[in-house]
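Novice: My questions all concern the structure below.
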Amino acid sequence: MTTVRRVMRGQARWLLPLCGLALLAAGLIAASAGGWMPPPSPETSAALTPADPDADLPVPKQHNFSSSNTTHVTGIEIPLRVGLEAHVPAQLSDVLAFYRGELAKRGWKERPEGTVVAADHVQLAFASPRGPASLKLGRAKDETTVDLVQRNTEAAAKANFLPTAGQARLIFGYLVPDVASLTINDQTIKIAGGENHPQALDLPPGTYSYKLVVSGYTLRTDTITVASGETWSLQLGDDDRKPDQIY
């Protein structure tokens, strides 16, 4: 039902260990008004600039790693969801300033709900020209991590994946020949086997336990956490497959 394509650019940091790479500062210490100035940080201090000024999801030219992914539905050309992950060797405050500036140029408007701005992590919600979007920043190994996501409301509506206002939607089907049942939120839903019969269920935001039963045997029990306006796919035919957010 969905396909995810990933494109990686930049340095593959997991392939080679960081064998003592460091920026050797000159160790200059300046005295002014009776105080000490600390040595320069090894992180990027220059202003961040976009690698591609025309990209829908910008990434600083100074990044060490970036990966993009898209979620598509068969028969609909435009993606339901587009994401970008990146690692940038710069202070979190500088990366935050970069994204606020670059996203504003693309018509993204910052929304107040769920805003978190702390010293070591940031979470922002946006209204973008294509639909709701989010930016999460964190810190790891002297880098700022970036998780940027844009969802396409038009594509979700065409696929009938758009949840009822204030709710989250689950999309699920079952391909094994036996008839199955899904129990979630005190509901038991019968699922026909042998071919894909996608079904949809809208739920209030929250965390839910669910159980898949086939021929009287429990094949899987797990939990899923959903938020208002999100759509998730439950791949019930694959025992190891975790739920995927598709919108």
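We label chains A, B, ... in the order they appear in the structure tokens, count residues from 1 in each chain, and number ligands from 1 in the order shown.
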Using the chain letters and numbers from this document, which residues of region 81-187 of chain A does DSSP assign to strand (DSSP E), as a PDB file with N, CA and C atoms, in the first residue's frame?
Specialist:
ATOM      1  N   ARG A  81       3.735  12.054   2.497  1.00  0.00           N
ATOM      2  CA  ARG A  81       4.600  12.543   3.571  1.00  0.00           C
ATOM      3  C   ARG A  81       6.029  12.609   3.057  1.00  0.00           C
ATOM      4  N   VAL A  82       6.724  13.681   3.367  1.00  0.00           N
ATOM      5  CA  VAL A  82       8.119  13.854   2.980  1.00  0.00           C
ATOM      6  C   VAL A  82       8.912  14.189   4.237  1.00  0.00           C
ATOM      7  N   GLY A  83      10.042  13.527   4.420  1.00  0.00           N
ATOM      8  CA  GLY A  83      10.844  13.761   5.612  1.00  0.00           C
ATOM      9  C   GLY A  83      12.309  13.976   5.302  1.00  0.00           C
ATOM     10  N   LEU A  84      12.988  14.660   6.209  1.00  0.00           N
ATOM     11  CA  LEU A  84      14.420  14.911   6.096  1.00  0.00           C
ATOM     12  C   LEU A  84      15.051  14.711   7.463  1.00  0.00           C
ATOM     13  N   GLU A  85      16.141  13.941   7.495  1.00  0.00           N
ATOM     14  CA  GLU A  85      16.951  13.804   8.703  1.00  0.00           C
ATOM     15  C   GLU A  85      18.357  14.284   8.379  1.00  0.00           C
ATOM     16  N   ALA A  86      18.977  14.958   9.334  1.00  0.00           N
ATOM     17  CA  ALA A  86      20.324  15.473   9.090  1.00  0.00           C
ATOM     18  C   ALA A  86      21.076  15.623  10.402  1.00  0.00           C
ATOM     19  N   HIS A  87      22.407  15.633  10.289  1.00  0.00           N
ATOM     20  CA  HIS A  87      23.290  15.917  11.413  1.00  0.00           C
ATOM     21  C   HIS A  87      24.123  17.137  11.018  1.00  0.00           C
ATOM     22  N   VAL A  88      24.121  18.155  11.856  1.00  0.00           N
ATOM     23  CA  VAL A  88      24.809  19.404  11.538  1.00  0.00           C
ATOM     24  C   VAL A  88      25.771  19.741  12.675  1.00  0.00           C
ATOM     25  N   LYS A 109       4.382  28.694   8.273  1.00  0.00           N
ATOM     26  CA  LYS A 109       4.013  29.562   9.397  1.00  0.00           C
ATOM     27  C   LYS A 109       4.073  28.745  10.689  1.00  0.00           C
ATOM     28  N   GLU A 110       4.851  29.246  11.639  1.00  0.00           N
ATOM     29  CA  GLU A 110       5.014  28.547  12.903  1.00  0.00           C
ATOM     30  C   GLU A 110       3.721  28.622  13.724  1.00  0.00           C
ATOM     31  N   ARG A 111       3.335  27.490  14.304  1.00  0.00           N
ATOM     32  CA  ARG A 111       2.115  27.415  15.105  1.00  0.00           C
ATOM     33  C   ARG A 111       2.485  27.242  16.581  1.00  0.00           C
ATOM     34  N   PRO A 112       1.634  27.734  17.479  1.00  0.00           N
ATOM     35  CA  PRO A 112       2.004  27.705  18.908  1.00  0.00           C
ATOM     36  C   PRO A 112       1.859  26.358  19.588  1.00  0.00           C
ATOM     37  N   GLU A 113       0.990  25.467  19.068  1.00  0.00           N
ATOM     38  CA  GLU A 113       0.710  24.237  19.789  1.00  0.00           C
ATOM     39  C   GLU A 113       1.919  23.304  19.828  1.00  0.00           C
ATOM     40  N   GLY A 114       2.185  22.791  21.035  1.00  0.00           N
ATOM     41  CA  GLY A 114       3.259  21.820  21.209  1.00  0.00           C
ATOM     42  C   GLY A 114       4.663  22.380  21.113  1.00  0.00           C
ATOM     43  N   THR A 115       4.820  23.697  21.129  1.00  0.00           N
ATOM     44  CA  THR A 115       6.154  24.291  20.990  1.00  0.00           C
ATOM     45  C   THR A 115       7.017  24.002  22.218  1.00  0.00           C
ATOM     46  N   VAL A 116       8.215  23.493  21.962  1.00  0.00           N
ATOM     47  CA  VAL A 116       9.208  23.272  23.011  1.00  0.00           C
ATOM     48  C   VAL A 116      10.534  23.813  22.505  1.00  0.00           C
ATOM     49  N   VAL A 117      11.114  24.742  23.250  1.00  0.00           N
ATOM     50  CA  VAL A 117      12.442  25.271  22.911  1.00  0.00           C
ATOM     51  C   VAL A 117      13.286  25.201  24.172  1.00  0.00           C
ATOM     52  N   HIS A 121      16.974  20.473  23.094  1.00  0.00           N
ATOM     53  CA  HIS A 121      16.004  19.946  22.126  1.00  0.00           C
ATOM     54  C   HIS A 121      14.949  20.999  21.807  1.00  0.00           C
ATOM     55  N   VAL A 122      14.398  20.870  20.598  1.00  0.00           N
ATOM     56  CA  VAL A 122      13.389  21.803  20.101  1.00  0.00           C
ATOM     57  C   VAL A 122      12.309  21.005  19.391  1.00  0.00           C
ATOM     58  N   GLN A 123      11.072  21.423  19.549  1.00  0.00           N
ATOM     59  CA  GLN A 123       9.967  20.836  18.789  1.00  0.00           C
ATOM     60  C   GLN A 123       9.037  21.966  18.373  1.00  0.00           C
ATOM     61  N   LEU A 124       8.831  22.105  17.063  1.00  0.00           N
ATOM     62  CA  LEU A 124       7.989  23.161  16.519  1.00  0.00           C
ATOM     63  C   LEU A 124       6.982  22.568  15.545  1.00  0.00           C
ATOM     64  N   ALA A 125       5.786  23.148  15.520  1.00  0.00           N
ATOM     65  CA  ALA A 125       4.757  22.768  14.551  1.00  0.00           C
ATOM     66  C   ALA A 125       4.585  23.915  13.565  1.00  0.00           C
ATOM     67  N   PHE A 126       4.289  23.560  12.311  1.00  0.00           N
ATOM     68  CA  PHE A 126       4.129  24.552  11.251  1.00  0.00           C
ATOM     69  C   PHE A 126       2.880  24.250  10.431  1.00  0.00           C
ATOM     70  N   ALA A 127       2.349  25.283   9.814  1.00  0.00           N
ATOM     71  CA  ALA A 127       1.384  25.129   8.730  1.00  0.00           C
ATOM     72  C   ALA A 127       2.142  25.473   7.454  1.00  0.00           C
ATOM     73  N   SER A 128       2.341  24.475   6.594  1.00  0.00           N
ATOM     74  CA  SER A 128       3.076  24.693   5.352  1.00  0.00           C
ATOM     75  C   SER A 128       2.089  24.798   4.198  1.00  0.00           C
ATOM     76  N   GLY A 131       0.469  21.349   3.822  1.00  0.00           N
ATOM     77  CA  GLY A 131      -0.203  20.715   4.944  1.00  0.00           C
ATOM     78  C   GLY A 131       0.591  20.883   6.223  1.00  0.00           C
ATOM     79  N   PRO A 132       0.196  20.169   7.279  1.00  0.00           N
ATOM     80  CA  PRO A 132       0.901  20.301   8.565  1.00  0.00           C
ATOM     81  C   PRO A 132       2.336  19.800   8.466  1.00  0.00           C
ATOM     82  N   ALA A 133       3.202  20.395   9.287  1.00  0.00           N
ATOM     83  CA  ALA A 133       4.618  20.041   9.251  1.00  0.00           C
ATOM     84  C   ALA A 133       5.192  20.179  10.657  1.00  0.00           C
ATOM     85  N   SER A 134       6.355  19.575  10.860  1.00  0.00           N
ATOM     86  CA  SER A 134       6.996  19.637  12.176  1.00  0.00           C
ATOM     87  C   SER A 134       8.506  19.654  12.027  1.00  0.00           C
ATOM     88  N   LEU A 135       9.162  20.255  13.024  1.00  0.00           N
ATOM     89  CA  LEU A 135      10.628  20.295  13.097  1.00  0.00           C
ATOM     90  C   LEU A 135      11.036  19.871  14.497  1.00  0.00           C
ATOM     91  N   LYS A 136      11.933  18.878  14.568  1.00  0.00           N
ATOM     92  CA  LYS A 136      12.494  18.456  15.844  1.00  0.00           C
ATOM     93  C   LYS A 136      14.008  18.555  15.752  1.00  0.00           C
ATOM     94  N   LEU A 137      14.615  19.179  16.755  1.00  0.00           N
ATOM     95  CA  LEU A 137      16.064  19.289  16.845  1.00  0.00           C
ATOM     96  C   LEU A 137      16.518  18.669  18.154  1.00  0.00           C
ATOM     97  N   GLY A 138      17.692  18.054  18.129  1.00  0.00           N
ATOM     98  CA  GLY A 138      18.256  17.466  19.337  1.00  0.00           C
ATOM     99  C   GLY A 138      19.763  17.579  19.305  1.00  0.00           C
ATOM    100  N   ARG A 139      20.409  17.034  20.330  1.00  0.00           N
ATOM    101  CA  ARG A 139      21.859  17.083  20.410  1.00  0.00           C
ATOM    102  C   ARG A 139      22.407  15.671  20.568  1.00  0.00           C
ATOM    103  N   ALA A 140      23.467  15.353  19.813  1.00  0.00           N
ATOM    104  CA  ALA A 140      24.124  14.054  19.904  1.00  0.00           C
ATOM    105  C   ALA A 140      25.548  14.177  19.379  1.00  0.00           C
ATOM    106  N   GLU A 143      26.808  17.361  17.776  1.00  0.00           N
ATOM    107  CA  GLU A 143      26.081  17.742  16.571  1.00  0.00           C
ATOM    108  C   GLU A 143      24.633  18.054  16.940  1.00  0.00           C
ATOM    109  N   THR A 144      23.976  18.805  16.053  1.00  0.00           N
ATOM    110  CA  THR A 144      22.539  19.021  16.180  1.00  0.00           C
ATOM    111  C   THR A 144      21.841  18.106  15.183  1.00  0.00           C
ATOM    112  N   THR A 145      20.924  17.291  15.679  1.00  0.00           N
ATOM    113  CA  THR A 145      20.167  16.385  14.819  1.00  0.00           C
ATOM    114  C   THR A 145      18.886  17.071  14.355  1.00  0.00           C
ATOM    115  N   VAL A 146      18.512  16.807  13.119  1.00  0.00           N
ATOM    116  CA  VAL A 146      17.361  17.460  12.495  1.00  0.00           C
ATOM    117  C   VAL A 146      16.374  16.392  12.038  1.00  0.00           C
ATOM    118  N   ASP A 147      15.109  16.582  12.373  1.00  0.00           N
ATOM    119  CA  ASP A 147      14.025  15.727  11.883  1.00  0.00           C
ATOM    120  C   ASP A 147      12.919  16.666  11.400  1.00  0.00           C
ATOM    121  N   LEU A 148      12.829  16.818  10.076  1.00  0.00           N
ATOM    122  CA  LEU A 148      11.885  17.753   9.459  1.00  0.00           C
ATOM    123  C   LEU A 148      10.885  16.964   8.627  1.00  0.00           C
ATOM    124  N   VAL A 149       9.587  17.193   8.842  1.00  0.00           N
ATOM    125  CA  VAL A 149       8.533  16.423   8.164  1.00  0.00           C
ATOM    126  C   VAL A 149       7.465  17.368   7.633  1.00  0.00           C
ATOM    127  N   GLN A 150       7.034  17.118   6.402  1.00  0.00           N
ATOM    128  CA  GLN A 150       5.915  17.846   5.795  1.00  0.00           C
ATOM    129  C   GLN A 150       4.896  16.841   5.295  1.00  0.00           C
ATOM    130  N   ARG A 151       3.608  17.047   5.637  1.00  0.00           N
ATOM    131  CA  ARG A 151       2.540  16.152   5.206  1.00  0.00           C
ATOM    132  C   ARG A 151       1.668  16.847   4.159  1.00  0.00           C
ATOM    133  N   ALA A 168      -7.250  10.529  15.007  1.00  0.00           N
ATOM    134  CA  ALA A 168      -6.180   9.890  14.236  1.00  0.00           C
ATOM    135  C   ALA A 168      -6.796   8.724  13.475  1.00  0.00           C
ATOM    136  N   ARG A 169      -6.181   8.344  12.348  1.00  0.00           N
ATOM    137  CA  ARG A 169      -6.735   7.267  11.537  1.00  0.00           C
ATOM    138  C   ARG A 169      -5.735   6.117  11.423  1.00  0.00           C
ATOM    139  N   LEU A 170      -6.248   4.887  11.557  1.00  0.00           N
ATOM    140  CA  LEU A 170      -5.467   3.683  11.306  1.00  0.00           C
ATOM    141  C   LEU A 170      -5.941   3.066   9.997  1.00  0.00           C
ATOM    142  N   ILE A 171      -4.988   2.683   9.146  1.00  0.00           N
ATOM    143  CA  ILE A 171      -5.274   1.965   7.906  1.00  0.00           C
ATOM    144  C   ILE A 171      -4.681   0.575   8.061  1.00  0.00           C
ATOM    145  N   PHE A 172      -5.472  -0.471   7.829  1.00  0.00           N
ATOM    146  CA  PHE A 172      -4.952  -1.818   8.013  1.00  0.00           C
ATOM    147  C   PHE A 172      -5.634  -2.784   7.050  1.00  0.00           C
ATOM    148  N   GLY A 173      -4.930  -3.836   6.726  1.00  0.00           N
ATOM    149  CA  GLY A 173      -5.437  -4.909   5.878  1.00  0.00           C
ATOM    150  C   GLY A 173      -4.726  -6.183   6.255  1.00  0.00           C
ATOM    151  N   ALA A 180      -8.866 -12.963   9.968  1.00  0.00           N
ATOM    152  CA  ALA A 180      -8.227 -12.472  11.183  1.00  0.00           C
ATOM    153  C   ALA A 180      -9.155 -11.502  11.893  1.00  0.00           C
ATOM    154  N   SER A 181      -8.754 -11.127  13.098  1.00  0.00           N
ATOM    155  CA  SER A 181      -9.484 -10.093  13.830  1.00  0.00           C
ATOM    156  C   SER A 181      -8.483  -9.192  14.528  1.00  0.00           C
ATOM    157  N   LEU A 182      -8.799  -7.912  14.569  1.00  0.00           N
ATOM    158  CA  LEU A 182      -7.974  -6.915  15.248  1.00  0.00           C
ATOM    159  C   LEU A 182      -8.788  -6.351  16.398  1.00  0.00           C
ATOM    160  N   THR A 183      -8.225  -6.435  17.599  1.00  0.00           N
ATOM    161  CA  THR A 183      -8.877  -5.875  18.781  1.00  0.00           C
ATOM    162  C   THR A 183      -8.096  -4.654  19.231  1.00  0.00           C
ATOM    163  N   ILE A 184      -8.787  -3.504  19.303  1.00  0.00           N
ATOM    164  CA  ILE A 184      -8.161  -2.252  19.710  1.00  0.00           C
ATOM    165  C   ILE A 184      -9.241  -1.331  20.247  1.00  0.00           C
ATOM    166  N   GLN A 187     -12.704  -2.584  20.756  1.00  0.00           N
ATOM    167  CA  GLN A 187     -13.422  -2.989  19.547  1.00  0.00           C
ATOM    168  C   GLN A 187     -12.709  -4.190  18.925  1.00  0.00           C
TER     169      GLN A 187
END
Novice: Quick one: residues within 10 Å of Ala47 (chain A), only C-alpha atoms, excluding same-chain residues fewer than 4 positions away - as a tab-separated table (two decimals) with all heavy atoms, in the first residue's frame?
Specialist:
chain	number	residue	atom	x	y	z
A	60	PRO	N	21.33	22.57	5.88
A	60	PRO	CA	22.52	23.43	5.81
A	60	PRO	C	23.62	22.79	4.97
A	60	PRO	O	23.83	21.57	5.01
A	60	PRO	CB	22.95	23.56	7.28
A	60	PRO	CG	21.72	23.28	8.08
A	60	PRO	CD	20.96	22.27	7.28
A	62	GLN	N	26.57	22.92	5.58
A	62	GLN	CA	27.59	22.43	6.51
A	62	GLN	C	27.22	21.11	7.17
A	62	GLN	O	27.87	20.69	8.13
A	62	GLN	CB	27.82	23.49	7.60
A	62	GLN	CG	28.36	24.81	7.09
A	62	GLN	CD	27.26	25.77	6.63
A	62	GLN	OE1	26.13	25.38	6.35
A	62	GLN	NE2	27.60	27.05	6.55
A	90	ALA	N	26.87	22.12	14.41
A	90	ALA	CA	26.65	23.51	14.81
A	90	ALA	C	25.80	23.54	16.06
A	90	ALA	O	25.13	22.55	16.40
A	90	ALA	CB	25.96	24.28	13.67
A	94	ASP	N	21.89	27.92	16.49
A	94	ASP	CA	22.20	28.34	15.12
A	94	ASP	C	21.37	27.55	14.10
A	94	ASP	O	20.89	28.11	13.11
A	94	ASP	CB	23.69	28.15	14.82
A	94	ASP	CG	24.58	29.06	15.66
A	94	ASP	OD1	24.09	30.13	16.07
A	94	ASP	OD2	25.74	28.69	15.91
A	95	VAL	N	21.20	26.25	14.37
A	95	VAL	CA	20.39	25.43	13.46
A	95	VAL	C	18.92	25.85	13.53
A	95	VAL	O	18.23	25.92	12.51
A	95	VAL	CB	20.55	23.93	13.79
A	95	VAL	CG1	19.69	23.08	12.88
A	95	VAL	CG2	22.02	23.51	13.67
A	97	ALA	N	17.81	28.87	14.21
A	97	ALA	CA	17.70	30.13	13.48
A	97	ALA	C	17.70	29.89	11.97
A	97	ALA	O	16.96	30.53	11.22
A	97	ALA	CB	18.84	31.06	13.88
A	98	PHE	N	18.53	28.94	11.52
A	98	PHE	CA	18.58	28.61	10.09
A	98	PHE	C	17.21	28.13	9.61
A	98	PHE	O	16.69	28.61	8.59
A	98	PHE	CB	19.64	27.52	9.85
A	98	PHE	CG	19.57	26.88	8.49
A	98	PHE	CD1	20.20	27.46	7.41
A	98	PHE	CD2	18.88	25.68	8.29
A	98	PHE	CE1	20.15	26.87	6.14
A	98	PHE	CE2	18.82	25.09	7.05
A	98	PHE	CZ	19.45	25.68	5.97
Novice: Between A:Tyr247, A:Pro58, A:Arg220, A:Pro79, which residue has the minimum interatomic distance to Ala104 (chain A), considering only C-alpha atoms?
Specialist: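 Going through A:Tyr247, A:Pro58, A:Arg220, A:Pro79 one by one, the smallest distance to Ala104 (chain A) is for A:Pro58.
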Novice: Extract, using only C-alpha atoms, all DNA, RNA and protein residues at most 7 Å from Thr207 (chain A), discarding same-chain residues fewer than 4 positions from it, and format them as a ChimeraX atom specification.
Specialist: /A:223-226
Novice: Write the residues of the preceding selection, restricted to C-alpha atoms, as a PDB file, in the first residue's frame.
Specialist:
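Just written: out-v8.pdb:
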ATOM      1  CA  THR A 223       0.893  -0.699  21.407  1.00  0.00           C
ATOM      2  CA  ILE A 224       0.584   2.334  19.180  1.00  0.00           C
ATOM      3  CA  THR A 225       0.579   6.036  20.076  1.00  0.00           C
ATOM      4  CA  VAL A 226      -1.297   8.381  17.744  1.00  0.00           C
TER       5      VAL A 226
END
Novice: I'd like the contact shell of Ser228 (chain A) - 8 Å cut-off, only C-alpha atoms, skipping same-chain residues fewer than 4 positions apart - returned as an MDAnalysis selection string.
Specialist: chainID A and resid 165:168 204:205
Novice: Please produce a file of the residues just selected, as a short mmCIF file (atom, residue, chain, number, x, y, z; two decimals), in the first residue's frame, where the atoms kept are N, CA, C and O atoms.
Specialist:
data_model
loop_
_atom_site.label_atom_id
_atom_site.label_comp_id
_atom_site.auth_asym_id
_atom_site.auth_seq_id
_atom_site.Cartn_x
_atom_site.Cartn_y
_atom_site.Cartn_z
N ALA A 165 -11.59 15.36 11.88
CA ALA A 165 -10.98 16.44 12.66
C ALA A 165 -10.88 16.05 14.13
O ALA A 165 -11.83 15.55 14.74
N GLY A 166 -9.68 16.25 14.70
CA GLY A 166 -9.45 15.95 16.10
C GLY A 166 -9.15 14.49 16.39
O GLY A 166 -8.94 14.11 17.54
N GLN A 167 -9.13 13.64 15.34
CA GLN A 167 -8.91 12.21 15.51
C GLN A 167 -7.64 11.78 14.78
O GLN A 167 -7.04 12.56 14.03
N ALA A 168 -7.25 10.53 15.01
CA ALA A 168 -6.18 9.89 14.24
C ALA A 168 -6.80 8.72 13.47
O ALA A 168 -7.82 8.17 13.90
N PRO A 204 -9.57 8.64 18.95
CA PRO A 204 -9.07 9.85 19.63
C PRO A 204 -7.56 9.72 19.86
O PRO A 204 -7.03 8.60 19.93
N PRO A 205 -6.85 10.83 19.97
CA PRO A 205 -5.41 10.75 20.24
C PRO A 205 -5.14 9.99 21.54
O PRO A 205 -5.90 10.06 22.50
#
